[in-house]
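Peer 1: Input structure: protein-v4.cif, which contains mmCIF, C-alpha atoms.
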```cif
data_coords
#
loop_
_atom_site.group_PDB
_atom_site.id
_atom_site.type_symbol
_atom_site.label_atom_id
_atom_site.label_comp_id
_atom_site.auth_asym_id
_atom_site.auth_seq_id
_atom_site.Cartn_x
_atom_site.Cartn_y
_atom_site.Cartn_z
ATOM 1 C CA MET A 126 0.000 0.000 0.000
ATOM 2 C CA LEU A 127 2.784 2.404 0.842
ATOM 3 C CA ARG A 128 4.301 1.994 -2.631
ATOM 4 C CA ARG A 129 1.065 2.740 -4.458
ATOM 5 C CA ASP A 130 2.517 5.961 -5.856
ATOM 6 C CA ARG A 131 5.300 4.074 -7.613
ATOM 7 C CA ARG A 132 3.554 3.779 -10.973
ATOM 8 C CA PRO A 133 3.590 7.461 -11.985
ATOM 9 C CA GLU A 134 7.334 7.457 -11.387
ATOM 10 C CA ARG A 135 8.011 10.001 -14.123
ATOM 11 C CA THR A 136 6.659 12.826 -11.989
ATOM 12 C CA GLY A 137 9.209 11.944 -9.317
ATOM 13 C CA THR A 138 12.117 11.546 -11.740
ATOM 14 C CA PRO A 139 14.356 14.618 -11.734
ATOM 15 C CA ALA A 140 14.291 16.826 -14.810
ATOM 16 C CA ASP A 141 17.589 17.405 -16.571
ATOM 17 C CA LEU A 142 17.016 21.145 -16.644
ATOM 18 C CA LEU A 143 14.627 23.719 -15.193
ATOM 19 C CA VAL A 144 14.311 26.825 -17.380
ATOM 20 C CA VAL A 145 12.608 29.826 -15.785
ATOM 21 C CA GLY A 146 11.731 33.010 -17.648
ATOM 22 C CA LEU A 147 11.415 36.021 -15.358
ATOM 23 C CA GLY A 148 8.806 38.751 -15.648
ATOM 24 C CA ASN A 149 5.827 40.319 -13.945
ATOM 25 C CA PRO A 150 2.335 38.780 -14.251
ATOM 26 C CA GLY A 151 -0.521 40.611 -15.922
ATOM 27 C CA ASP A 152 -1.295 41.996 -19.368
ATOM 28 C CA GLU A 153 0.040 45.440 -18.484
ATOM 29 C CA PHE A 154 3.574 43.991 -18.255
ATOM 30 C CA LYS A 155 3.531 41.905 -21.436
ATOM 31 C CA ARG A 156 6.253 42.760 -23.973
ATOM 32 C CA THR A 157 8.000 45.120 -21.533
ATOM 33 C CA ARG A 158 11.768 45.075 -21.042
ATOM 34 C CA HIS A 159 11.401 43.310 -17.694
ATOM 35 C CA ASN A 160 9.446 40.442 -19.262
ATOM 36 C CA VAL A 161 11.890 39.296 -21.946
ATOM 37 C CA GLY A 162 12.684 36.147 -19.943
ATOM 38 C CA ALA A 163 9.030 35.149 -19.792
ATOM 39 C CA ASP A 164 8.755 35.839 -23.534
ATOM 40 C CA VAL A 165 11.569 33.354 -24.238
ATOM 41 C CA VAL A 166 9.950 30.581 -22.197
ATOM 42 C CA GLU A 167 6.616 31.183 -23.960
ATOM 43 C CA MET A 168 8.476 30.876 -27.255
ATOM 44 C CA LEU A 169 10.088 27.593 -26.186
ATOM 45 C CA ALA A 170 6.733 26.189 -25.101
ATOM 46 C CA GLU A 171 5.327 27.107 -28.511
ATOM 47 C CA ARG A 172 8.270 25.575 -30.374
ATOM 48 C CA HIS A 173 7.876 22.289 -28.527
ATOM 49 C CA ASN A 174 4.064 22.212 -28.412
ATOM 50 C CA ALA A 175 3.938 22.387 -24.628
ATOM 51 C CA ARG A 176 1.156 23.863 -22.560
ATOM 52 C CA LEU A 177 2.208 25.803 -19.468
ATOM 53 C CA ARG A 178 -0.266 25.208 -16.647
ATOM 54 C CA LYS A 179 -0.753 26.977 -13.361
ATOM 55 C CA GLY A 180 0.387 24.928 -10.369
ATOM 56 C CA LYS A 181 0.771 25.237 -6.631
ATOM 57 C CA GLU A 182 4.292 26.635 -7.091
ATOM 58 C CA HIS A 183 2.793 30.017 -8.115
ATOM 59 C CA ALA A 184 4.039 29.519 -11.663
ATOM 60 C CA LEU A 185 2.982 28.414 -15.115
ATOM 61 C CA ALA A 186 4.931 25.234 -15.829
ATOM 62 C CA GLY A 187 5.201 22.397 -18.299
ATOM 63 C CA GLU A 188 7.673 19.858 -19.656
ATOM 64 C CA VAL A 189 9.285 19.316 -23.044
ATOM 65 C CA ARG A 190 11.864 16.971 -24.531
ATOM 66 C CA ILE A 191 14.886 18.601 -26.116
ATOM 67 C CA GLY A 192 16.838 15.795 -27.713
ATOM 68 C CA ASP A 193 17.029 13.136 -25.030
ATOM 69 C CA LYS A 194 16.714 15.655 -22.182
ATOM 70 C CA ARG A 195 13.672 16.252 -20.007
ATOM 71 C CA VAL A 196 13.336 20.009 -19.642
ATOM 72 C CA ALA A 197 10.890 21.815 -17.350
ATOM 73 C CA LEU A 198 9.762 25.263 -18.510
ATOM 74 C CA ALA A 199 8.290 27.783 -16.099
ATOM 75 C CA ILE A 200 7.177 31.396 -15.709
ATOM 76 C CA PRO A 201 6.651 32.611 -12.119
ATOM 77 C CA LEU A 202 3.296 34.218 -11.369
ATOM 78 C CA THR A 203 4.810 36.149 -8.484
ATOM 79 C CA TYR A 204 6.071 39.657 -9.083
ATOM 80 C CA MET A 205 9.707 39.905 -10.132
ATOM 81 C CA ASN A 206 11.024 40.727 -6.650
ATOM 82 C CA ASP A 207 9.542 37.463 -5.287
ATOM 83 C CA SER A 208 10.642 35.191 -8.152
ATOM 84 C CA GLY A 209 12.708 33.049 -5.785
ATOM 85 C CA GLN A 210 9.615 31.672 -4.047
ATOM 86 C CA ALA A 211 8.419 30.094 -7.280
ATOM 87 C CA VAL A 212 11.881 29.020 -8.457
ATOM 88 C CA ALA A 213 12.711 27.219 -5.208
ATOM 89 C CA ALA A 214 9.352 25.416 -5.226
ATOM 90 C CA LEU A 215 9.829 24.427 -8.876
ATOM 91 C CA ALA A 216 13.369 23.185 -8.205
ATOM 92 C CA ARG A 217 11.968 20.945 -5.469
ATOM 93 C CA ARG A 218 9.116 19.724 -7.664
ATOM 94 C CA TYR A 219 11.434 18.763 -10.525
ATOM 95 C CA GLY A 220 14.340 17.617 -8.348
ATOM 96 C CA VAL A 221 16.775 20.024 -9.982
ATOM 97 C CA ALA A 222 19.979 21.294 -8.326
ATOM 98 C CA PRO A 223 20.842 25.017 -8.703
ATOM 99 C CA GLU A 224 23.511 24.312 -11.345
ATOM 100 C CA HIS A 225 20.773 22.818 -13.555
ATOM 101 C CA VAL A 226 18.453 25.811 -13.174
ATOM 102 C CA VAL A 227 18.547 28.254 -16.114
ATOM 103 C CA ILE A 228 17.199 31.738 -15.452
ATOM 104 C CA VAL A 229 16.336 33.850 -18.515
ATOM 105 C CA HIS A 230 16.209 37.528 -17.575
ATOM 106 C CA ASP A 231 16.617 41.155 -18.608
ATOM 107 C CA GLU A 232 19.977 42.846 -18.050
ATOM 108 C CA LEU A 233 20.390 46.626 -17.704
ATOM 109 C CA ASP A 234 24.170 46.398 -18.013
ATOM 110 C CA LEU A 235 23.999 45.032 -21.570
ATOM 111 C CA PRO A 236 23.077 47.063 -24.674
ATOM 112 C CA PRO A 237 19.597 46.324 -26.059
ATOM 113 C CA ALA A 238 19.329 43.007 -27.930
ATOM 114 C CA THR A 239 22.689 41.719 -26.626
ATOM 115 C CA LEU A 240 22.717 38.101 -25.447
ATOM 116 C CA LYS A 241 25.181 36.703 -22.912
ATOM 117 C CA ILE A 242 25.271 33.424 -20.989
ATOM 118 C CA LYS A 243 27.041 32.687 -17.739
ATOM 119 C CA ALA A 244 27.088 30.250 -14.839
ATOM 120 C CA GLY A 245 26.827 31.763 -11.371
ATOM 121 C CA GLY A 246 28.382 35.102 -10.511
ATOM 122 C CA GLY A 247 27.053 38.445 -9.356
ATOM 123 C CA LEU A 248 23.469 39.620 -9.429
ATOM 124 C CA ALA A 249 24.044 43.013 -11.137
ATOM 125 C CA GLY A 250 21.422 44.610 -8.875
ATOM 126 C CA HIS A 251 18.646 42.455 -10.347
ATOM 127 C CA ASN A 252 15.946 41.957 -7.706
ATOM 128 C CA GLY A 253 14.617 38.794 -9.336
ATOM 129 C CA LEU A 254 18.060 37.158 -9.209
ATOM 130 C CA ARG A 255 18.537 38.350 -5.643
ATOM 131 C CA SER A 256 15.288 36.659 -4.624
ATOM 132 C CA ILE A 257 16.302 33.440 -6.406
ATOM 133 C CA LYS A 258 19.671 33.336 -4.667
ATOM 134 C CA GLN A 259 17.955 33.954 -1.334
ATOM 135 C CA HIS A 260 15.468 31.095 -1.780
ATOM 136 C CA LEU A 261 17.824 28.601 -3.414
ATOM 137 C CA HIS A 262 20.594 29.461 -0.904
ATOM 138 C CA ASP A 263 22.938 29.271 -3.884
ATOM 139 C CA ASP A 264 24.033 31.553 -6.715
ATOM 140 C CA GLY A 265 25.377 28.804 -8.980
ATOM 141 C CA PHE A 266 22.355 28.807 -11.275
ATOM 142 C CA LEU A 267 22.845 29.485 -14.996
ATOM 143 C CA ARG A 268 21.783 32.794 -16.528
ATOM 144 C CA ILE A 269 20.756 33.784 -20.033
ATOM 145 C CA ARG A 270 21.029 37.563 -19.952
ATOM 146 C CA ILE A 271 19.158 39.672 -22.477
ATOM 147 C CA GLY A 272 20.282 43.277 -22.753
ATOM 148 C CA VAL A 273 17.591 45.936 -22.382
ATOM 149 C CA GLY A 274 19.937 48.922 -22.081
ATOM 150 C CA LYS A 275 20.478 51.445 -19.341
ATOM 151 C CA PRO A 276 17.875 54.116 -18.540
ATOM 152 C CA PRO A 277 18.757 57.663 -19.614
ATOM 153 C CA ASP A 278 18.633 58.684 -15.936
ATOM 154 C CA LYS A 279 20.357 56.410 -13.404
ATOM 155 C CA ASP A 280 17.545 56.864 -10.874
ATOM 156 C CA ARG A 281 14.848 55.705 -13.289
ATOM 157 C CA GLY A 282 15.820 52.035 -13.666
ATOM 158 C CA ALA A 283 12.478 50.796 -12.335
ATOM 159 C CA ASP A 284 10.523 52.876 -14.880
ATOM 160 C CA HIS A 285 12.875 51.855 -17.688
ATOM 161 C CA VAL A 286 12.390 48.094 -17.292
ATOM 162 C CA LEU A 287 8.608 48.498 -17.181
ATOM 163 C CA ASN A 288 8.604 50.349 -20.503
ATOM 164 C CA ARG A 289 8.187 48.723 -23.896
ATOM 165 C CA PHE A 290 10.823 48.787 -26.597
ATOM 166 C CA SER A 291 10.824 51.317 -29.420
ATOM 167 C CA LYS A 292 9.862 49.985 -32.869
ATOM 168 C CA ARG A 293 13.512 49.766 -33.923
ATOM 169 C CA GLU A 294 14.511 48.035 -30.680
ATOM 170 C CA ARG A 295 11.523 45.678 -30.933
ATOM 171 C CA ALA A 296 12.682 44.313 -34.280
ATOM 172 C CA GLU A 297 16.149 43.670 -32.835
ATOM 173 C CA ILE A 298 14.936 42.210 -29.538
ATOM 174 C CA ASP A 299 12.627 39.749 -31.303
ATOM 175 C CA VAL A 300 15.686 38.262 -33.043
ATOM 176 C CA THR A 301 17.512 38.093 -29.692
ATOM 177 C CA LEU A 302 14.581 36.297 -28.040
ATOM 178 C CA GLU A 303 14.764 33.620 -30.753
ATOM 179 C CA GLU A 304 18.508 33.319 -30.131
ATOM 180 C CA ALA A 305 17.898 33.030 -26.383
ATOM 181 C CA ALA A 306 15.495 30.156 -27.046
ATOM 182 C CA ASP A 307 18.193 28.591 -29.256
ATOM 183 C CA ALA A 308 20.640 29.047 -26.367
ATOM 184 C CA VAL A 309 18.364 27.113 -23.993
ATOM 185 C CA GLU A 310 18.191 24.277 -26.513
ATOM 186 C CA THR A 311 21.980 24.335 -26.866
ATOM 187 C CA ILE A 312 22.434 24.112 -23.085
ATOM 188 C CA ALA A 313 20.052 21.155 -23.004
ATOM 189 C CA SER A 314 21.713 19.313 -25.873
ATOM 190 C CA GLY A 315 25.368 20.312 -25.518
ATOM 191 C CA GLY A 316 25.904 21.915 -22.123
ATOM 192 C CA ILE A 317 26.670 25.396 -20.827
ATOM 193 C CA ASP A 318 30.162 25.594 -22.379
ATOM 194 C CA ALA A 319 28.816 24.840 -25.856
ATOM 195 C CA ALA A 320 26.171 27.548 -25.414
ATOM 196 C CA MET A 321 28.702 30.134 -24.183
ATOM 197 C CA ASN A 322 31.080 29.338 -27.058
ATOM 198 C CA ARG A 323 28.283 29.743 -29.575
ATOM 199 C CA PHE A 324 26.468 32.807 -28.269
ATOM 200 C CA ASN A 325 28.888 34.838 -26.119
ATOM 201 C CA THR A 326 31.146 35.563 -29.081
ATOM 202 C CA ARG A 327 28.418 37.557 -30.822
ATOM 203 C CA GLY A 328 28.148 41.302 -30.575
#
```
Could you spell out this file's structure in structure tokens?

Peer 2:
Amino acid sequence: MLRRDRRPERTGTPADLLVVGLGNPGDEFKRTRHNVGADVVEMLAERHNARLRKGKEHALAGEVRIGDKRVALAIPLTYMNDSGQAVAALARRYGVAPEHVVIVHDELDLPPATLKIKAGGGLAGHNGLRSIKQHLHDDGFLRIRIGVGKPPDKDRGADHVLNRFSKRERAEIDVTLEEAADAVETIASGGIDAAMNRFNTRG
């Protein structure tokens, strides 16, 4: 009787990767600079015909196969500053260690439409990353950083990330979002070093 839950073993089998796209929930935040991470995960779900469903982890989540890898995709439904609550719960659900968590997020320190990948490191003042480090008790997670540019005034960073891109920037950022989705697939199929070698040399 105690082993009755053994049959649906797949739900208890660890995922190879957990990919989380950061953003704020709600239509008013869609397509803003702060939500580029969420846009990438939506794109991946579409590419792989996955449906992201709301779960008890305060996130939309689903699973895809990329090559022979089981990859969990998720978008927190918390606000950006509380992203870590959802990420930690998702990491527990999918049995994924921090070094197999990929966070896709906006980056003020990179020019618009620039893409960079790294493992661990500083938080660059990003409140979503700070929350994730706090809840995972680890900063070794992988990051796919999408440049959204610095605000014209240093004190207006919060307003800047909640703004939408100009028409010219939008055309460029849409290409970068596709490349970020490609980068996730490269991490899944070839590892973080392969992804950094392929994408960090651009621009």

Peer 1: Just want the 7 Å neighbourhood of stretch 217-219 of chain A, counted on only C-alpha atoms, with same-chain residues fewer than 4 positions away dropped. Output as a PyMOL selection string.

Peer 2: chain A and resi 139-140+213

Peer 1: Would you be able to write out as a ChimeraX atom specification which residues have an atom within 7 Å of (11.7, 24.1, -22.4) in the file's coordinates, counting only C-alpha atoms?

Peer 2: /A:144,166,169-170,188-189,196-198

Peer 1: Just give me the gap between atom CA of A:Ile242 and atom CA of A:Ala308 in Å, one decimal is fine.

Peer 2: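 For atom CA of A:Ile242 relative to atom CA of A:Ala308, the distance reads 8.3 Å.
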
Peer 1: Taking all atoms listed in the file into account, name the residue in A:Phe324, A:Gly209, A:Ser314, A:Glu303 that is nearest to A:Glu171.

Peer 2: A:Glu303

Peer 1: If you apply the PyMOL selection byres ((chain A and resi 307) around 12) to this file, what residues do you get, as a list in words?

Peer 2: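 Matching residues under the PyMOL selection byres ((chain A and resi 307) around 12) are Val165, Val166, Met168, Leu169, Arg172, Ile191, Leu240, Ile242, Ile269, Val300, Thr301, Leu302, Glu303, Glu304, Ala305, Ala306, Ala308, Val309, Glu310, Thr311, Ile312, Ala313, Ser314, Gly315, Ala319, Ala320, Met321, Arg323 and Phe324 of chain A.
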
Peer 1: Please indicate the distance in Å from atom CA of A:Ile257 to atom CA of A:Asp152, rounded to one decimal place.

Peer 2: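 The value is 23.5 Å.
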
Peer 1: Taking the file above as input, evaluate the PyMOL selection byres ((chain A and resi 157) around 10) and report the hits as an MDAnalysis selection string.

Peer 2: chainID A and resid 148:149 153:156 158:161 164 231 273 285:290

Peer 1: Residues picked by the PyMOL selection byres ((chain A and resi 229) around 6) here, as a compact mmCIF listing (two decimals) with C-alpha atoms, in the frame of the given file?

Peer 2:
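Written output follows (part.txt):
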```
# COMPACT_ATOMS: atom_id res chain seq x y z
CA GLY A 146 11.73 33.01 -17.65
CA GLY A 162 12.68 36.15 -19.94
CA ILE A 228 17.20 31.74 -15.45
CA HIS A 230 16.21 37.53 -17.58
CA ARG A 268 21.78 32.79 -16.53
CA ILE A 269 20.76 33.78 -20.03
```

Peer 1: Work out how far apart atom CA of A:Ala296 and atom CA of A:Pro237 are and give it in Å to one decimal.

Peer 2: 10.9 Å

Peer 1: Given all atoms listed in the file as the basis, pick out the residue of A:Glu224, A:Glu182, A:Asp318, A:Asp234 nearest to A:Pro276.

Peer 2: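 Selected residue with least distance to A:Pro276: A:Asp234.
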
Peer 1: Determine the axis-aligned bounding box of all atoms of stretch 211-228 of chain A present in the file, pad each side by 3 Å, and express its centre and edge lengths in Å to one decimal place as lines of an AutoDock Vina configuration file.

Peer 2:
```
center_x = 16.0
center_y = 24.7
center_z = -10.7
size_x = 21.1
size_y = 20.1
size_z = 16.9
```

Peer 1: If we count only C-alpha atoms and set the cut-off at 8 Å, which residues sit around A:Ala216, ignoring sequence neighbours fewer than 6 positions away in its own chain? Please answer as a VMD selection string.

Peer 2: chain A and resid 143 222 to 223 226

Peer 1: Which is closest to A:His251 among A:Phe266, A:Leu185, A:Leu147, A:Lys292, if we use all atoms listed in the file?

Peer 2: A:Leu147

Peer 1: Restricting the calculation to all atoms listed in the file: of A:Ala163, A:Leu254, A:Leu235, A:Ala244, which residue gets closest to A:Asn206?

Peer 2: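 Going through A:Ala163, A:Leu254, A:Leu235, A:Ala244 one by one, the smallest distance to A:Asn206 is for A:Leu254.
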
Peer 1: With distances taken over all atoms listed in the file, which of A:Thr239, A:Asn252, A:Ser208, A:Gln259 is nearest to A:Pro150?

Peer 2: A:Ser208

Peer 1: If I put a ball of radius 9 Å at (29.3, 32.7, -12.6) in the file's coordinates, which residues poke into it when counting all atoms listed in the file, written as number ranges by chain?

Peer 2: A: 243-247, 264-268

Peer 1: My list of candidates is A:Thr203, A:Gly272, A:His262, A:Ala238. Which is closest to A:Asp299 when distances are computed with all atoms listed in the file?

Peer 2: A:Ala238

Peer 1: What would stretch 170-205 of chain A look like with N, CA and C atoms in place, written as a PDB file, keeping the file's coordinate frame?

Peer 2:
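Saved the output as selection.pdb:
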```pdb
ATOM      1  N   ALA A 170       7.927  27.029 -25.250  1.00  0.00           N
ATOM      2  CA  ALA A 170       6.733  26.189 -25.101  1.00  0.00           C
ATOM      3  C   ALA A 170       6.025  26.033 -26.449  1.00  0.00           C
ATOM      4  N   GLU A 171       5.970  27.141 -27.190  1.00  0.00           N
ATOM      5  CA  GLU A 171       5.327  27.107 -28.511  1.00  0.00           C
ATOM      6  C   GLU A 171       6.108  26.221 -29.482  1.00  0.00           C
ATOM      7  N   ARG A 172       7.421  26.377 -29.484  1.00  0.00           N
ATOM      8  CA  ARG A 172       8.270  25.575 -30.374  1.00  0.00           C
ATOM      9  C   ARG A 172       8.084  24.077 -30.151  1.00  0.00           C
ATOM     10  N   HIS A 173       7.917  23.709 -28.884  1.00  0.00           N
ATOM     11  CA  HIS A 173       7.876  22.289 -28.527  1.00  0.00           C
ATOM     12  C   HIS A 173       6.468  21.796 -28.195  1.00  0.00           C
ATOM     13  N   ASN A 174       5.476  22.598 -28.580  1.00  0.00           N
ATOM     14  CA  ASN A 174       4.064  22.212 -28.412  1.00  0.00           C
ATOM     15  C   ASN A 174       3.718  21.840 -26.971  1.00  0.00           C
ATOM     16  N   ALA A 175       4.216  22.632 -26.048  1.00  0.00           N
ATOM     17  CA  ALA A 175       3.938  22.387 -24.628  1.00  0.00           C
ATOM     18  C   ALA A 175       2.919  23.391 -24.124  1.00  0.00           C
ATOM     19  N   ARG A 176       2.112  22.951 -23.197  1.00  0.00           N
ATOM     20  CA  ARG A 176       1.156  23.863 -22.560  1.00  0.00           C
ATOM     21  C   ARG A 176       1.651  24.141 -21.146  1.00  0.00           C
ATOM     22  N   LEU A 177       1.782  25.420 -20.808  1.00  0.00           N
ATOM     23  CA  LEU A 177       2.208  25.803 -19.468  1.00  0.00           C
ATOM     24  C   LEU A 177       0.963  25.961 -18.596  1.00  0.00           C
ATOM     25  N   ARG A 178       0.920  25.199 -17.520  1.00  0.00           N
ATOM     26  CA  ARG A 178      -0.266  25.208 -16.647  1.00  0.00           C
ATOM     27  C   ARG A 178       0.071  25.788 -15.280  1.00  0.00           C
ATOM     28  N   LYS A 179      -0.925  26.403 -14.690  1.00  0.00           N
ATOM     29  CA  LYS A 179      -0.753  26.977 -13.361  1.00  0.00           C
ATOM     30  C   LYS A 179      -0.722  25.865 -12.324  1.00  0.00           C
ATOM     31  N   GLY A 180       0.264  25.934 -11.420  1.00  0.00           N
ATOM     32  CA  GLY A 180       0.387  24.928 -10.369  1.00  0.00           C
ATOM     33  C   GLY A 180       0.529  25.564  -9.007  1.00  0.00           C
ATOM     34  N   LYS A 181       0.703  24.728  -8.009  1.00  0.00           N
ATOM     35  CA  LYS A 181       0.771  25.237  -6.631  1.00  0.00           C
ATOM     36  C   LYS A 181       2.069  25.984  -6.337  1.00  0.00           C
ATOM     37  N   GLU A 182       3.014  25.928  -7.280  1.00  0.00           N
ATOM     38  CA  GLU A 182       4.292  26.635  -7.091  1.00  0.00           C
ATOM     39  C   GLU A 182       4.201  28.115  -7.463  1.00  0.00           C
ATOM     40  N   HIS A 183       2.985  28.621  -7.704  1.00  0.00           N
ATOM     41  CA  HIS A 183       2.793  30.017  -8.115  1.00  0.00           C
ATOM     42  C   HIS A 183       3.543  30.295  -9.413  1.00  0.00           C
ATOM     43  N   ALA A 184       3.375  29.384 -10.366  1.00  0.00           N
ATOM     44  CA  ALA A 184       4.039  29.519 -11.663  1.00  0.00           C
ATOM     45  C   ALA A 184       3.240  28.784 -12.723  1.00  0.00           C
ATOM     46  N   LEU A 185       3.431  29.198 -13.968  1.00  0.00           N
ATOM     47  CA  LEU A 185       2.982  28.414 -15.115  1.00  0.00           C
ATOM     48  C   LEU A 185       4.124  27.465 -15.455  1.00  0.00           C
ATOM     49  N   ALA A 186       3.843  26.196 -15.606  1.00  0.00           N
ATOM     50  CA  ALA A 186       4.931  25.234 -15.829  1.00  0.00           C
ATOM     51  C   ALA A 186       4.485  24.108 -16.748  1.00  0.00           C
ATOM     52  N   GLY A 187       5.440  23.538 -17.437  1.00  0.00           N
ATOM     53  CA  GLY A 187       5.201  22.397 -18.299  1.00  0.00           C
ATOM     54  C   GLY A 187       6.522  21.728 -18.617  1.00  0.00           C
ATOM     55  N   GLU A 188       6.465  20.599 -19.323  1.00  0.00           N
ATOM     56  CA  GLU A 188       7.673  19.858 -19.656  1.00  0.00           C
ATOM     57  C   GLU A 188       7.783  19.633 -21.154  1.00  0.00           C
ATOM     58  N   VAL A 189       9.017  19.629 -21.646  1.00  0.00           N
ATOM     59  CA  VAL A 189       9.285  19.316 -23.044  1.00  0.00           C
ATOM     60  C   VAL A 189      10.481  18.372 -23.103  1.00  0.00           C
ATOM     61  N   ARG A 190      10.653  17.738 -24.262  1.00  0.00           N
ATOM     62  CA  ARG A 190      11.864  16.971 -24.531  1.00  0.00           C
ATOM     63  C   ARG A 190      12.699  17.767 -25.529  1.00  0.00           C
ATOM     64  N   ILE A 191      13.949  17.987 -25.185  1.00  0.00           N
ATOM     65  CA  ILE A 191      14.886  18.601 -26.116  1.00  0.00           C
ATOM     66  C   ILE A 191      15.992  17.572 -26.335  1.00  0.00           C
ATOM     67  N   GLY A 192      15.972  16.949 -27.499  1.00  0.00           N
ATOM     68  CA  GLY A 192      16.838  15.795 -27.713  1.00  0.00           C
ATOM     69  C   GLY A 192      16.414  14.692 -26.758  1.00  0.00           C
ATOM     70  N   ASP A 193      17.364  14.182 -25.999  1.00  0.00           N
ATOM     71  CA  ASP A 193      17.029  13.136 -25.030  1.00  0.00           C
ATOM     72  C   ASP A 193      16.866  13.688 -23.618  1.00  0.00           C
ATOM     73  N   LYS A 194      16.780  15.020 -23.498  1.00  0.00           N
ATOM     74  CA  LYS A 194      16.714  15.655 -22.182  1.00  0.00           C
ATOM     75  C   LYS A 194      15.283  16.035 -21.818  1.00  0.00           C
ATOM     76  N   ARG A 195      14.956  15.822 -20.553  1.00  0.00           N
ATOM     77  CA  ARG A 195      13.672  16.252 -20.007  1.00  0.00           C
ATOM     78  C   ARG A 195      13.851  17.657 -19.439  1.00  0.00           C
ATOM     79  N   VAL A 196      13.154  18.606 -20.010  1.00  0.00           N
ATOM     80  CA  VAL A 196      13.336  20.009 -19.642  1.00  0.00           C
ATOM     81  C   VAL A 196      12.018  20.583 -19.129  1.00  0.00           C
ATOM     82  N   ALA A 197      12.055  21.133 -17.919  1.00  0.00           N
ATOM     83  CA  ALA A 197      10.890  21.815 -17.350  1.00  0.00           C
ATOM     84  C   ALA A 197      10.968  23.294 -17.708  1.00  0.00           C
ATOM     85  N   LEU A 198       9.861  23.842 -18.180  1.00  0.00           N
ATOM     86  CA  LEU A 198       9.762  25.263 -18.510  1.00  0.00           C
ATOM     87  C   LEU A 198       8.815  25.928 -17.523  1.00  0.00           C
ATOM     88  N   ALA A 199       9.155  27.127 -17.086  1.00  0.00           N
ATOM     89  CA  ALA A 199       8.290  27.783 -16.099  1.00  0.00           C
ATOM     90  C   ALA A 199       8.377  29.300 -16.186  1.00  0.00           C
ATOM     91  N   ILE A 200       7.262  29.942 -15.842  1.00  0.00           N
ATOM     92  CA  ILE A 200       7.177  31.396 -15.709  1.00  0.00           C
ATOM     93  C   ILE A 200       6.532  31.681 -14.355  1.00  0.00           C
ATOM     94  N   PRO A 201       7.256  32.295 -13.419  1.00  0.00           N
ATOM     95  CA  PRO A 201       6.651  32.611 -12.119  1.00  0.00           C
ATOM     96  C   PRO A 201       5.449  33.534 -12.270  1.00  0.00           C
ATOM     97  N   LEU A 202       4.456  33.332 -11.422  1.00  0.00           N
ATOM     98  CA  LEU A 202       3.296  34.218 -11.369  1.00  0.00           C
ATOM     99  C   LEU A 202       3.396  35.191 -10.203  1.00  0.00           C
ATOM    100  N   THR A 203       4.517  35.136  -9.503  1.00  0.00           N
ATOM    101  CA  THR A 203       4.810  36.149  -8.484  1.00  0.00           C
ATOM    102  C   THR A 203       5.320  37.388  -9.207  1.00  0.00           C
ATOM    103  N   TYR A 204       5.396  38.503  -8.502  1.00  0.00           N
ATOM    104  CA  TYR A 204       6.071  39.657  -9.083  1.00  0.00           C
ATOM    105  C   TYR A 204       7.574  39.396  -9.076  1.00  0.00           C
ATOM    106  N   MET A 205       8.280  40.138  -9.916  1.00  0.00           N
ATOM    107  CA  MET A 205       9.707  39.905 -10.132  1.00  0.00           C
ATOM    108  C   MET A 205      10.494  39.785  -8.824  1.00  0.00           C
TER     109      MET A 205
END
```
